Amino acid sequence: MVDGKLELSKFERFVYRYINEPNMVFYANSQLAGVGDIQDAFEFTRTNMAENRIRIASNDFQAKIIIEPIGVGIGHLTSQSTQTPTSGAGV
């Protein structure tokens, strides 16, 4: 965010760190959701982030982003691996 407003170039840079597909899924709540390109996701986020935590995901849900109403966000890439992780205790 710049001066309390969501800026498209910063939003694009953040989203593209995790989602490199032309379309993505975005969700605010059970009545506010959609699928679209980066511009659609930006407009959706800008319009709805003041009252909602925004979730954006790749179409295969391998990449997920959460943007909080205060303007901070975090992303996560799910491993493509099918191996089961083991604990540090060797279990």
# chains A, B, ... in the order shown; residues from 1 in each chain; ligands from 1
>>> select_by_dssp(residues="stretch 4-75 of chain A", states="strand (DSSP E or B)", output="PyMOL selection string")
chain A and resi 5+24-29+32-36+54-58+63-67+73-75
>>> residues_around(residues="stretch 28-32 of chain A", least_positions_apart="3", cutoff="7 Å", atoms="only C-alpha atoms", output="VMD selection string")
chain A and resid 52 to 55
>>> write_last_selection(atoms="C-alpha atoms", output="tab-separated table (two decimals), in the first residue's frame")
chain	number	residue	atom	x	y	z
A	52	ASN	CA	-12.35	-8.56	4.64
A	53	ARG	CA	-9.27	-10.72	4.64
A	54	ILE	CA	-8.64	-11.37	0.95
A	55	ARG	CA	-7.49	-14.78	-0.24
>>> residues_around(residues="A:Ile38", least_positions_apart="6", cutoff="8 Å", atoms="only C-alpha atoms", output="VMD selection string")
chain A and resid 12 22 to 24
>>> atom_distance(atom1="atom CA of A:Leu6", atom2="atom CA of A:Arg46")
6.2 Å
>>> atom_distance(atom1="atom CA of A:Val15", atom2="atom CA of A:Gln39")
11.1 Å
>>> closest_residue(among="A:Asn20, A:Gln62, A:Thr45, A:Ser9", to="A:Leu77", atoms="only C-alpha atoms")
A:Gln62
>>> select_by_dssp(residues="chain A", states="alpha helix (DSSP H)", output="ChimeraX atom specification")
/A:8-16,38-48
>>> closest_residue(among="A:Ala50, A:Ala41, A:Ile70, A:Ala33", to="A:Tyr16", atoms="only C-alpha atoms")
A:Ala41
>>> closest_residue(among="A:Asn59, A:Val25, A:Gly73, A:Asn48", to="A:Phe11", atoms="only C-alpha atoms")
A:Gly73
>>> atom_distance(atom1="atom CA of A:Ala57", atom2="atom CA of A:Ile19")
7.3 Å
